[in-house]
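As structure tokens, the structure follows; a few thoughts come after it.
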Amino acid sequence: MPGKLVCIVDDDESVRESLAELLDAAGYSVETFDSAARFLSGDAQARCTCLITDIRMPEMDGLALQEELIHRGCRFPMIIITGHGDVPLAVRAMRAGAADFIEKPFHHESLLASVKRALEALPGKAAAVDPAVAEHMTDLTARERDVMDLMVLGHSNKVIAQQLDISFRTVEVHRTRVLAKMQAKNVAELVRLVMAQLPPFRP
Amino acid sequence: MTGNTQDLFVLADRGTLFDVLASMAADGIIVIDKKAKVLFYNEACRKLFQYAPQEILSHNVNMLMPEPYRSEHDSYIDRYRKTGDARIIGIGREVKGRRKDGTVFPMYLSVGEGVIGEERVFVGIVHDLTDIRAEEERRAQADRHLAQIVESSDDIILSKSLDGTVRTWNPAAERIFGYAAAEMVGHPIWRIIPPDRHAEEAEFLQKVSAGESIHHYETTRLCKDGREITVSLSVAPIRDSAGTVIGASKIARDVTEQRRMEQRTSKLQAELAHVARINAVSQLSSALAHELNQPLTAIMNYVSAAKLRWAQAGGDGSDKASSLLDRAIAQAERAGAIIQRLRSFLEKREPHRVEEDLNATLQEAIALGFVGSSNDGVTLVLDLAPDLPAVRVDKVQIEQVIVNLLRNATEAMKESDRRELAISSYRTGPRIVEIAVADTGPGIPDTVAQQLFEPFVTTKEKGMGVGLSICRTIVEAHGGRIWMVPNPVGGTIFKVQLPVDA
């Protein structure tokens, strides 16, 4: 896929280089950067068609990088890589317009699918509202809707349990039902689906 | 009587015998006539009343008496002469005497009546009771002292005879056991002894009978309301004047509350240690999971890339190499799933949060923090705001944070000349409280301070560097934050901020 430059920003060398090898093998042009600052200081941002960045990095993190890119008017899609427990941050990134977030460790097929989807979406155009998603939502009970709203905000089951004053077990049950009814494989997909229903959030 | 003494009485003339008797008698002898005029007054009287015979002979005997006897004495004699009603004559009783210098003393007076010639006379024998009464008073005073000590004692003091019958029962015993002295004295001691302790009590009585004592023995006793209390008791024999053991004295202290406090403290310590262990494991696992995630992601990426390359080189996906690569990916995914499961498990531990008085939590943590650790030379300065709102916290977890900070601070000051540990609590906003733990140690170098709360960062030679990162995890889970600032007087101040409704 010539002309499709995927840039990777990650302070962890093993993740960064292995990801580059994977994308390279999948046929993408790849450039890697060990910090947000290094990415911003070069000319790669002008050629970049898709950015994959780690969310937690020393000094400038993924969210700050996203903010700076929005500020600079960059329109290429951005995929956020998160560790466990970074869902709230990832959700913030999604609301700020990130194309997707993906939790480590990930299967190469999900990552490649995510990159493909990001590149296919027209830059700057909001994802189309899927009427099926809106219909799925009407299937949810009120409690399931509460749980979903908190899931989409990136809260852990523990926090959801506390906020709704229900047991951890109950949250788990609701969570499974929400994912099934919304036909989402995981929280990332759920967030993506629900995000598409909402206007992008600009800080 | 021997023949010699008989001879003596025969030979001695009666006057000589009388003189010897009267002058040698230890008791005073006074003879008066019917008008109370003194006819005879012996040597012992002179010593007792201080009057010389010539000062008293022919005078009214009432000068040897204090008021009101002095004024009334003449009427006593008149009444006797008229009615024959003897109040003292032939009987004798204790009265008061008056010395020349005006002092009054107790004496035993026996009076007899006789006739010399035509004259009716009265003979009085005066026995000085001063020393006896003084000795009695001294003993009574000593008894009163003892009684007051027993009465006012906070400890149970009682005595019993060797068959277990209660003889004395002090107010502390009444208060602690709930039985009044009247209910217990004269009754068996057994009702305050739990059935399973009867053998023990029998053994005590046996030992005491043999003259042995028991010191500070801890056992249980039964109160009137059915409560069992823990007492520390000492039992000793009581002997009569011949030295025979006739009973047992028992002094007991109610140590129920003390033991309960000790149990509570050790339970708290155990809880704290347990939570500390769980938190350490959780923190370690969490850090480990985070660290393992990176190479695991890299492994999956590399193997996936290899698989793609192999397919491009002509592998059709069903050959041996593709299958091996798939299996490698599956195993890496499995490792990832194990880490996920571990993390979900750790997340499931729900903290137990209730409204707590932060100052009480602090005080408890301070007590715990210094248990079993030498805090020698460390001056503790407390400045706790009295009007703090209650905070919703998991007390044991917050205590762990404080104990951690206290121990760090104490350790940091080990080499310092000035060792002052200042702990304060205060409000920084309507819904925010803060705790500060300030030490006067060497301070923390800037390079370390930057990442002090990260796991595996330490300034201690033997430290693992998980303490503060656990503190941070706990405080952040409570919606608060923890940070450090240099102490203006040298050293470090750790601050913990907690929202009132976390």
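The way I read the labels, and the way they are meant: chains A, B, ... in the order of the structure tokens, residue 1 as the first residue of every chain, and ligand 1 as the first ligand shown, with later ones counted on from there.
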Requested in this report: Considering only C-alpha atoms, return as a list in words whatever protein or nucleic-acid residues lie within 7 Å of Val152 of chain A, sequence-local ones (same chain, fewer than 4 positions apart) excluded.
Outcome: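 Non-adjacent residues within range: Val91, Met148 and Val191 of chain A.
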Query raised in the report: Hey, what does DSSP flag as strand (DSSP E) within segment 25-120 of chain B? Can you give it to me as a ChimeraX atom specification?
Result: /B:28-33,38-41,93-98,104-116,119-120
Write out the residues from the selection above, keeping N, CA and C atoms, as an mmCIF file, in the first residue's frame.
```
data_model
loop_
_atom_site.group_PDB
_atom_site.id
_atom_site.type_symbol
_atom_site.label_atom_id
_atom_site.label_comp_id
_atom_site.auth_asym_id
_atom_site.auth_seq_id
_atom_site.Cartn_x
_atom_site.Cartn_y
_atom_site.Cartn_z
ATOM 1 N N GLY B 28 -3.320 4.729 142.519
ATOM 2 C CA GLY B 28 -3.569 5.775 143.496
ATOM 3 C C GLY B 28 -4.605 5.331 144.519
ATOM 4 N N ILE B 29 -4.384 5.716 145.793
ATOM 5 C CA ILE B 29 -5.364 5.395 146.842
ATOM 6 C C ILE B 29 -5.729 6.702 147.538
ATOM 7 N N ILE B 30 -7.041 6.978 147.551
ATOM 8 C CA ILE B 30 -7.521 8.215 148.177
ATOM 9 C C ILE B 30 -8.628 7.844 149.163
ATOM 10 N N VAL B 31 -8.574 8.466 150.342
ATOM 11 C CA VAL B 31 -9.660 8.250 151.318
ATOM 12 C C VAL B 31 -10.299 9.604 151.581
ATOM 13 N N ILE B 32 -11.659 9.666 151.477
ATOM 14 C CA ILE B 32 -12.360 10.920 151.768
ATOM 15 C C ILE B 32 -13.421 10.669 152.819
ATOM 16 N N ASP B 33 -13.846 11.749 153.481
ATOM 17 C CA ASP B 33 -14.938 11.603 154.448
ATOM 18 C C ASP B 33 -16.262 11.880 153.749
ATOM 19 N N VAL B 38 -10.521 15.239 151.640
ATOM 20 C CA VAL B 38 -9.494 14.209 151.469
ATOM 21 C C VAL B 38 -8.801 13.940 152.797
ATOM 22 N N LEU B 39 -8.822 12.643 153.222
ATOM 23 C CA LEU B 39 -8.192 12.266 154.468
ATOM 24 C C LEU B 39 -6.848 11.584 154.231
ATOM 25 N N PHE B 40 -6.782 10.915 153.047
ATOM 26 C CA PHE B 40 -5.543 10.200 152.745
ATOM 27 C C PHE B 40 -5.298 10.250 151.241
ATOM 28 N N TYR B 41 -4.013 10.323 150.876
ATOM 29 C CA TYR B 41 -3.622 10.537 149.478
ATOM 30 C C TYR B 41 -2.249 9.929 149.324
ATOM 31 N N ARG B 93 -15.747 2.272 137.816
ATOM 32 C CA ARG B 93 -15.930 2.498 136.372
ATOM 33 C C ARG B 93 -14.892 3.477 135.856
ATOM 34 N N GLU B 94 -14.915 3.661 134.529
ATOM 35 C CA GLU B 94 -13.932 4.560 133.920
ATOM 36 C C GLU B 94 -14.440 5.989 134.006
ATOM 37 N N VAL B 95 -13.600 6.856 134.547
ATOM 38 C CA VAL B 95 -13.950 8.285 134.648
ATOM 39 C C VAL B 95 -12.737 9.092 134.205
ATOM 40 N N LYS B 96 -12.870 10.424 134.362
ATOM 41 C CA LYS B 96 -11.751 11.288 133.978
ATOM 42 C C LYS B 96 -11.139 11.936 135.213
ATOM 43 N N GLY B 97 -9.807 12.050 135.216
ATOM 44 C CA GLY B 97 -9.132 12.745 136.286
ATOM 45 C C GLY B 97 -8.547 14.039 135.758
ATOM 46 N N ARG B 98 -8.239 14.965 136.700
ATOM 47 C CA ARG B 98 -7.680 16.237 136.253
ATOM 48 C C ARG B 98 -6.404 16.497 137.021
ATOM 49 N N VAL B 104 -6.461 16.538 131.470
ATOM 50 C CA VAL B 104 -7.440 15.521 131.858
ATOM 51 C C VAL B 104 -6.963 14.169 131.356
ATOM 52 N N PHE B 105 -7.145 13.115 132.135
ATOM 53 C CA PHE B 105 -6.696 11.791 131.692
ATOM 54 C C PHE B 105 -7.724 10.738 132.076
ATOM 55 N N PRO B 106 -7.748 9.630 131.315
ATOM 56 C CA PRO B 106 -8.711 8.573 131.620
ATOM 57 C C PRO B 106 -8.198 7.721 132.777
ATOM 58 N N MET B 107 -9.110 7.313 133.655
ATOM 59 C CA MET B 107 -8.680 6.470 134.774
ATOM 60 C C MET B 107 -9.811 5.541 135.158
ATOM 61 N N TYR B 108 -9.437 4.425 135.759
ATOM 62 C CA TYR B 108 -10.451 3.506 136.251
ATOM 63 C C TYR B 108 -10.537 3.706 137.756
ATOM 64 N N LEU B 109 -11.768 4.029 138.190
ATOM 65 C CA LEU B 109 -11.946 4.345 139.623
ATOM 66 C C LEU B 109 -12.848 3.300 140.278
ATOM 67 N N SER B 110 -12.306 2.642 141.321
ATOM 68 C CA SER B 110 -13.196 1.764 142.101
ATOM 69 C C SER B 110 -13.304 2.358 143.508
ATOM 70 N N VAL B 111 -14.524 2.386 143.976
ATOM 71 C CA VAL B 111 -14.764 3.066 145.254
ATOM 72 C C VAL B 111 -15.362 2.076 146.267
ATOM 73 N N GLY B 112 -14.826 2.123 147.441
ATOM 74 C CA GLY B 112 -15.393 1.281 148.494
ATOM 75 C C GLY B 112 -15.814 2.160 149.684
ATOM 76 N N GLU B 113 -16.641 1.647 150.508
ATOM 77 C CA GLU B 113 -17.150 2.421 151.639
ATOM 78 C C GLU B 113 -16.731 1.733 152.946
ATOM 79 N N GLY B 114 -16.376 2.527 153.919
ATOM 80 C CA GLY B 114 -15.968 1.904 155.175
ATOM 81 C C GLY B 114 -16.222 2.848 156.362
ATOM 82 N N VAL B 115 -15.864 2.422 157.510
ATOM 83 C CA VAL B 115 -16.050 3.245 158.712
ATOM 84 C C VAL B 115 -14.744 3.246 159.480
ATOM 85 N N ILE B 116 -14.243 4.451 159.813
ATOM 86 C CA ILE B 116 -13.078 4.537 160.685
ATOM 87 C C ILE B 116 -13.568 5.246 161.940
ATOM 88 N N GLU B 119 -16.564 7.614 162.029
ATOM 89 C CA GLU B 119 -16.651 8.319 160.729
ATOM 90 C C GLU B 119 -16.848 7.342 159.570
ATOM 91 N N ARG B 120 -17.845 7.683 158.728
ATOM 92 C CA ARG B 120 -18.017 6.903 157.484
ATOM 93 C C ARG B 120 -17.052 7.500 156.449
#
```
Report task. Would you kindly return, as a PyMOL selection string, each protein, DNA or RNA residue with an atom no farther than 10 Å from any atom of Val437 of chain B, considering only C-alpha atoms and excluding same-chain residues fewer than 2 positions away? Result -> chain B and resi 381-382+402+405-406+409+421-425+435+439+484+487+492-496
What does the file look like for those residues with N, CA, C and O atoms, as an mmCIF file, in the first residue's frame?
```cif
data_model
loop_
_atom_site.group_PDB
_atom_site.id
_atom_site.type_symbol
_atom_site.label_atom_id
_atom_site.label_comp_id
_atom_site.auth_asym_id
_atom_site.auth_seq_id
_atom_site.Cartn_x
_atom_site.Cartn_y
_atom_site.Cartn_z
ATOM 1 N N VAL B 381 5.174 15.161 67.581
ATOM 2 C CA VAL B 381 4.409 16.397 67.746
ATOM 3 C C VAL B 381 3.093 16.230 67.004
ATOM 4 O O VAL B 381 3.079 16.011 65.794
ATOM 5 N N LEU B 382 1.996 16.298 67.762
ATOM 6 C CA LEU B 382 0.677 16.117 67.134
ATOM 7 C C LEU B 382 -0.045 17.447 67.041
ATOM 8 O O LEU B 382 -0.062 18.221 67.985
ATOM 9 N N ILE B 402 -0.653 5.568 56.692
ATOM 10 C CA ILE B 402 -0.049 6.384 57.748
ATOM 11 C C ILE B 402 1.120 5.639 58.406
ATOM 12 O O ILE B 402 2.195 6.201 58.606
ATOM 13 N N LEU B 405 4.068 5.792 56.267
ATOM 14 C CA LEU B 405 4.716 7.108 56.282
ATOM 15 C C LEU B 405 5.479 7.315 57.593
ATOM 16 O O LEU B 405 6.592 7.838 57.604
ATOM 17 N N LEU B 406 4.864 6.870 58.722
ATOM 18 C CA LEU B 406 5.510 7.026 60.032
ATOM 19 C C LEU B 406 6.811 6.239 60.080
ATOM 20 O O LEU B 406 7.840 6.731 60.547
ATOM 21 N N ALA B 409 9.428 7.798 57.976
ATOM 22 C CA ALA B 409 9.935 9.019 58.595
ATOM 23 C C ALA B 409 10.896 8.674 59.728
ATOM 24 O O ALA B 409 11.978 9.253 59.849
ATOM 25 N N LEU B 421 9.118 14.203 64.679
ATOM 26 C CA LEU B 421 8.097 13.689 63.773
ATOM 27 C C LEU B 421 6.812 14.451 64.064
ATOM 28 O O LEU B 421 6.247 14.322 65.132
ATOM 29 N N ALA B 422 6.419 15.301 63.111
ATOM 30 C CA ALA B 422 5.233 16.132 63.325
ATOM 31 C C ALA B 422 4.091 15.609 62.459
ATOM 32 O O ALA B 422 4.229 15.457 61.252
ATOM 33 N N ILE B 423 2.994 15.305 63.120
ATOM 34 C CA ILE B 423 1.833 14.792 62.391
ATOM 35 C C ILE B 423 0.682 15.765 62.575
ATOM 36 O O ILE B 423 0.351 16.133 63.706
ATOM 37 N N SER B 424 0.129 16.220 61.479
ATOM 38 C CA SER B 424 -0.971 17.164 61.608
ATOM 39 C C SER B 424 -2.116 16.774 60.683
ATOM 40 O O SER B 424 -1.923 16.090 59.682
ATOM 41 N N SER B 425 -3.304 17.197 61.083
ATOM 42 C CA SER B 425 -4.468 17.012 60.226
ATOM 43 C C SER B 425 -5.169 18.351 60.172
ATOM 44 O O SER B 425 -5.179 19.087 61.159
ATOM 45 N N ILE B 435 -3.612 15.352 55.613
ATOM 46 C CA ILE B 435 -2.753 14.855 56.689
ATOM 47 C C ILE B 435 -1.329 15.169 56.265
ATOM 48 O O ILE B 435 -0.987 14.971 55.092
ATOM 49 N N ASP B 439 9.137 14.896 58.741
ATOM 50 C CA ASP B 439 10.297 14.407 59.475
ATOM 51 C C ASP B 439 11.444 15.400 59.351
ATOM 52 O O ASP B 439 11.378 16.346 58.564
ATOM 53 N N MET B 484 4.926 14.777 48.106
ATOM 54 C CA MET B 484 5.887 15.198 49.126
ATOM 55 C C MET B 484 6.419 16.577 48.817
ATOM 56 O O MET B 484 6.498 16.981 47.658
ATOM 57 N N ASN B 487 10.751 19.702 53.785
ATOM 58 C CA ASN B 487 10.428 20.343 55.057
ATOM 59 C C ASN B 487 11.285 21.605 55.176
ATOM 60 O O ASN B 487 12.507 21.525 55.044
ATOM 61 N N THR B 492 11.622 15.995 55.171
ATOM 62 C CA THR B 492 10.587 15.816 54.155
ATOM 63 C C THR B 492 9.208 15.878 54.793
ATOM 64 O O THR B 492 9.035 15.470 55.936
ATOM 65 N N ILE B 493 8.247 16.411 54.066
ATOM 66 C CA ILE B 493 6.856 16.354 54.519
ATOM 67 C C ILE B 493 6.053 15.568 53.480
ATOM 68 O O ILE B 493 6.083 15.892 52.290
ATOM 69 N N PHE B 494 5.395 14.517 53.939
ATOM 70 C CA PHE B 494 4.491 13.794 53.054
ATOM 71 C C PHE B 494 3.087 14.274 53.344
ATOM 72 O O PHE B 494 2.700 14.414 54.499
ATOM 73 N N LYS B 495 2.343 14.554 52.278
ATOM 74 C CA LYS B 495 0.974 15.036 52.476
ATOM 75 C C LYS B 495 -0.013 14.097 51.793
ATOM 76 O O LYS B 495 0.241 13.618 50.689
ATOM 77 N N VAL B 496 -1.088 13.849 52.512
ATOM 78 C CA VAL B 496 -2.146 13.008 51.958
ATOM 79 C C VAL B 496 -3.425 13.831 51.985
ATOM 80 O O VAL B 496 -3.811 14.349 53.031
#
```
Report task. Residues of chain A no more than 10 Å from chain B, counting only C-alpha atoms: send them over as a ChimeraX atom specification. Result -> /A:12-27,83-85,103-109,111,156-159,161-162,167-169
Would you export the selected residues with N, CA, C and O atoms as a short mmCIF file (atom, residue, chain, number, x, y, z; two decimals), in the first residue's frame, please?
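Final file, part_20.cif:
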```cif
data_model
loop_
_atom_site.label_atom_id
_atom_site.label_comp_id
_atom_site.auth_asym_id
_atom_site.auth_seq_id
_atom_site.Cartn_x
_atom_site.Cartn_y
_atom_site.Cartn_z
N ASP A 12 8.33 2.45 24.46
CA ASP A 12 8.85 1.10 24.71
C ASP A 12 9.37 0.51 23.40
O ASP A 12 8.61 0.27 22.45
N GLU A 13 10.67 0.26 23.37
CA GLU A 13 11.31 -0.15 22.12
C GLU A 13 10.75 -1.47 21.59
O GLU A 13 10.48 -1.60 20.39
N SER A 14 10.56 -2.43 22.48
CA SER A 14 10.12 -3.76 22.02
C SER A 14 8.75 -3.66 21.36
O SER A 14 8.51 -4.26 20.31
N VAL A 15 7.85 -2.93 21.97
CA VAL A 15 6.50 -2.79 21.40
C VAL A 15 6.59 -2.02 20.09
O VAL A 15 6.01 -2.42 19.07
N ARG A 16 7.34 -0.92 20.12
CA ARG A 16 7.46 -0.05 18.94
C ARG A 16 8.01 -0.82 17.73
O ARG A 16 7.41 -0.84 16.66
N GLU A 17 9.15 -1.48 17.94
CA GLU A 17 9.82 -2.15 16.82
C GLU A 17 9.03 -3.37 16.33
O GLU A 17 8.95 -3.63 15.13
N SER A 18 8.42 -4.10 17.26
CA SER A 18 7.67 -5.29 16.85
C SER A 18 6.43 -4.88 16.05
O SER A 18 6.04 -5.54 15.09
N LEU A 19 5.82 -3.78 16.49
CA LEU A 19 4.64 -3.27 15.80
C LEU A 19 5.01 -2.84 14.38
O LEU A 19 4.28 -3.09 13.41
N ALA A 20 6.19 -2.21 14.27
CA ALA A 20 6.68 -1.78 12.95
C ALA A 20 6.87 -3.00 12.04
O ALA A 20 6.47 -2.97 10.87
N GLU A 21 7.45 -4.06 12.64
CA GLU A 21 7.66 -5.28 11.84
C GLU A 21 6.32 -5.85 11.36
O GLU A 21 6.19 -6.31 10.22
N LEU A 22 5.34 -5.84 12.23
CA LEU A 22 4.02 -6.38 11.91
C LEU A 22 3.38 -5.59 10.77
O LEU A 22 2.90 -6.16 9.78
N LEU A 23 3.40 -4.26 10.91
CA LEU A 23 2.76 -3.42 9.88
C LEU A 23 3.54 -3.49 8.57
O LEU A 23 2.95 -3.48 7.48
N ASP A 24 4.87 -3.59 8.72
CA ASP A 24 5.72 -3.72 7.54
C ASP A 24 5.36 -5.01 6.80
O ASP A 24 5.17 -5.02 5.58
N ALA A 25 5.21 -6.08 7.58
CA ALA A 25 4.86 -7.38 6.99
C ALA A 25 3.49 -7.31 6.33
O ALA A 25 3.22 -8.01 5.35
N ALA A 26 2.61 -6.46 6.92
CA ALA A 26 1.26 -6.34 6.36
C ALA A 26 1.25 -5.42 5.15
O ALA A 26 0.20 -5.18 4.55
N GLY A 27 2.45 -4.84 4.84
CA GLY A 27 2.55 -4.08 3.61
C GLY A 27 2.47 -2.57 3.76
O GLY A 27 2.38 -1.85 2.78
N GLY A 83 -2.78 0.33 28.01
CA GLY A 83 -2.55 -0.81 28.89
C GLY A 83 -3.85 -1.06 29.63
O GLY A 83 -4.84 -0.36 29.44
N HIS A 84 -3.83 -2.05 30.52
CA HIS A 84 -5.01 -2.35 31.32
C HIS A 84 -5.33 -1.16 32.23
O HIS A 84 -4.43 -0.55 32.79
N GLY A 85 -6.58 -0.84 32.37
CA GLY A 85 -6.96 0.20 33.31
C GLY A 85 -6.86 1.60 32.75
O GLY A 85 -7.15 2.58 33.44
N GLU A 103 -6.38 -2.45 23.35
CA GLU A 103 -5.69 -2.79 24.60
C GLU A 103 -4.56 -3.79 24.38
O GLU A 103 -4.70 -4.75 23.63
N LYS A 104 -3.46 -3.57 25.04
CA LYS A 104 -2.33 -4.50 25.00
C LYS A 104 -2.59 -5.69 25.92
O LYS A 104 -3.16 -5.48 26.98
N PRO A 105 -2.20 -6.88 25.67
CA PRO A 105 -1.63 -7.31 24.38
C PRO A 105 -2.77 -7.55 23.41
O PRO A 105 -3.83 -7.97 23.82
N PHE A 106 -2.57 -7.29 22.12
CA PHE A 106 -3.67 -7.41 21.16
C PHE A 106 -3.33 -8.44 20.10
O PHE A 106 -2.16 -8.75 19.85
N HIS A 107 -4.35 -8.99 19.50
CA HIS A 107 -4.14 -9.93 18.41
C HIS A 107 -3.87 -9.12 17.15
O HIS A 107 -4.49 -8.08 16.93
N HIS A 108 -2.95 -9.59 16.34
CA HIS A 108 -2.57 -8.79 15.18
C HIS A 108 -3.75 -8.51 14.26
O HIS A 108 -3.83 -7.46 13.66
N GLU A 109 -4.69 -9.45 14.24
CA GLU A 109 -5.83 -9.24 13.34
C GLU A 109 -6.68 -8.04 13.76
O GLU A 109 -7.14 -7.28 12.93
N LEU A 111 -5.58 -5.42 15.40
CA LEU A 111 -4.84 -4.19 15.12
C LEU A 111 -4.90 -3.87 13.62
O LEU A 111 -5.19 -2.73 13.23
N SER A 156 -14.21 1.40 35.52
CA SER A 156 -14.04 -0.03 35.77
C SER A 156 -15.30 -0.57 36.44
O SER A 156 -16.12 0.20 36.96
N ASN A 157 -15.44 -1.88 36.43
CA ASN A 157 -16.60 -2.50 37.08
C ASN A 157 -16.71 -2.08 38.54
O ASN A 157 -17.79 -1.90 39.07
N LYS A 158 -15.56 -1.95 39.17
CA LYS A 158 -15.53 -1.60 40.59
C LYS A 158 -16.18 -0.23 40.80
O LYS A 158 -17.03 -0.06 41.67
N VAL A 159 -15.75 0.73 39.99
CA VAL A 159 -16.28 2.09 40.12
C VAL A 159 -17.77 2.11 39.77
O VAL A 159 -18.57 2.76 40.45
N ALA A 161 -19.86 -0.30 40.11
CA ALA A 161 -20.57 -0.90 41.24
C ALA A 161 -20.78 0.12 42.35
O ALA A 161 -21.86 0.24 42.93
N GLN A 162 -19.73 0.88 42.63
CA GLN A 162 -19.81 1.90 43.70
C GLN A 162 -20.80 3.00 43.33
O GLN A 162 -21.63 3.40 44.14
N SER A 167 -23.77 -4.63 43.44
CA SER A 167 -22.59 -5.46 43.69
C SER A 167 -21.76 -5.62 42.42
O SER A 167 -22.25 -5.42 41.30
N PHE A 168 -20.52 -5.98 42.63
CA PHE A 168 -19.58 -6.20 41.54
C PHE A 168 -20.13 -7.26 40.59
O PHE A 168 -20.08 -7.13 39.38
N ARG A 169 -20.69 -8.32 41.18
CA ARG A 169 -21.25 -9.43 40.40
C ARG A 169 -22.34 -8.92 39.46
O ARG A 169 -22.40 -9.26 38.29
#
```
Report task. Fewer than 5 positions away in the same chain doesn't count, so skip those; otherwise give me all residues within 9 Å of segment 448-455 of chain B, counting only C-alpha atoms, as a list of chain:residue names. Result -> B:Gln283, B:Leu284, B:Ala287, B:Met464, B:Gly465, B:Val466, B:Gly467, B:Leu468, B:Ser469, B:Ile470, B:Cys471, B:Arg472, B:Ile482, B:Trp483, B:Met484
Query - Residue contacts of His352 of chain B (9 Å, only C-alpha atoms) excluding same-chain residues fewer than 4 positions away, as a list in words - result: Val393, Asp394, Lys395 and Val396 of chain B
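When atom CA of Asp74 of chain B is paired with atom CA of Lys35 of chain B, their separation reads 7.5 Å.
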If we count only C-alpha atoms, what is near segment 254-257 of chain B at a cut-off of 6 Å, once residues fewer than 5 positions away on the same chain are taken out, given as an mmCIF file with C-alpha atoms, in the first residue's frame?
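Writing done, so here's selection00.cif:
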```
data_model
loop_
_atom_site.group_PDB
_atom_site.id
_atom_site.type_symbol
_atom_site.label_atom_id
_atom_site.label_comp_id
_atom_site.auth_asym_id
_atom_site.auth_seq_id
_atom_site.Cartn_x
_atom_site.Cartn_y
_atom_site.Cartn_z
ATOM 1 C CA ILE B 229 -14.349 -10.743 83.565
ATOM 2 C CA THR B 230 -10.625 -11.308 83.472
ATOM 3 C CA VAL B 231 -8.858 -10.634 86.770
#
```
Query - Residues of segment 65-262 of chain B in alpha helix (DSSP H), written as a PyMOL selection string - result: chain B and resi 69-83+130-152+171-177+181-184+198-209+256-262
Report task. Do a neighbour search on segment 42-54 of chain A at 7 Å with only C-alpha atoms, toss out local chain neighbours closer than 4 positions, and write the hits as a PyMOL selection string. Result -> chain A and resi 4-10+38+62+76-82+119
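Counting from atom CA of Pro88 of chain A, the distance to atom CA of Ala121 of chain A is 24.1 Å.
Between atom CA of Asp316 of chain B and atom CA of Val115 of chain A there is a distance of 24.0 Å.
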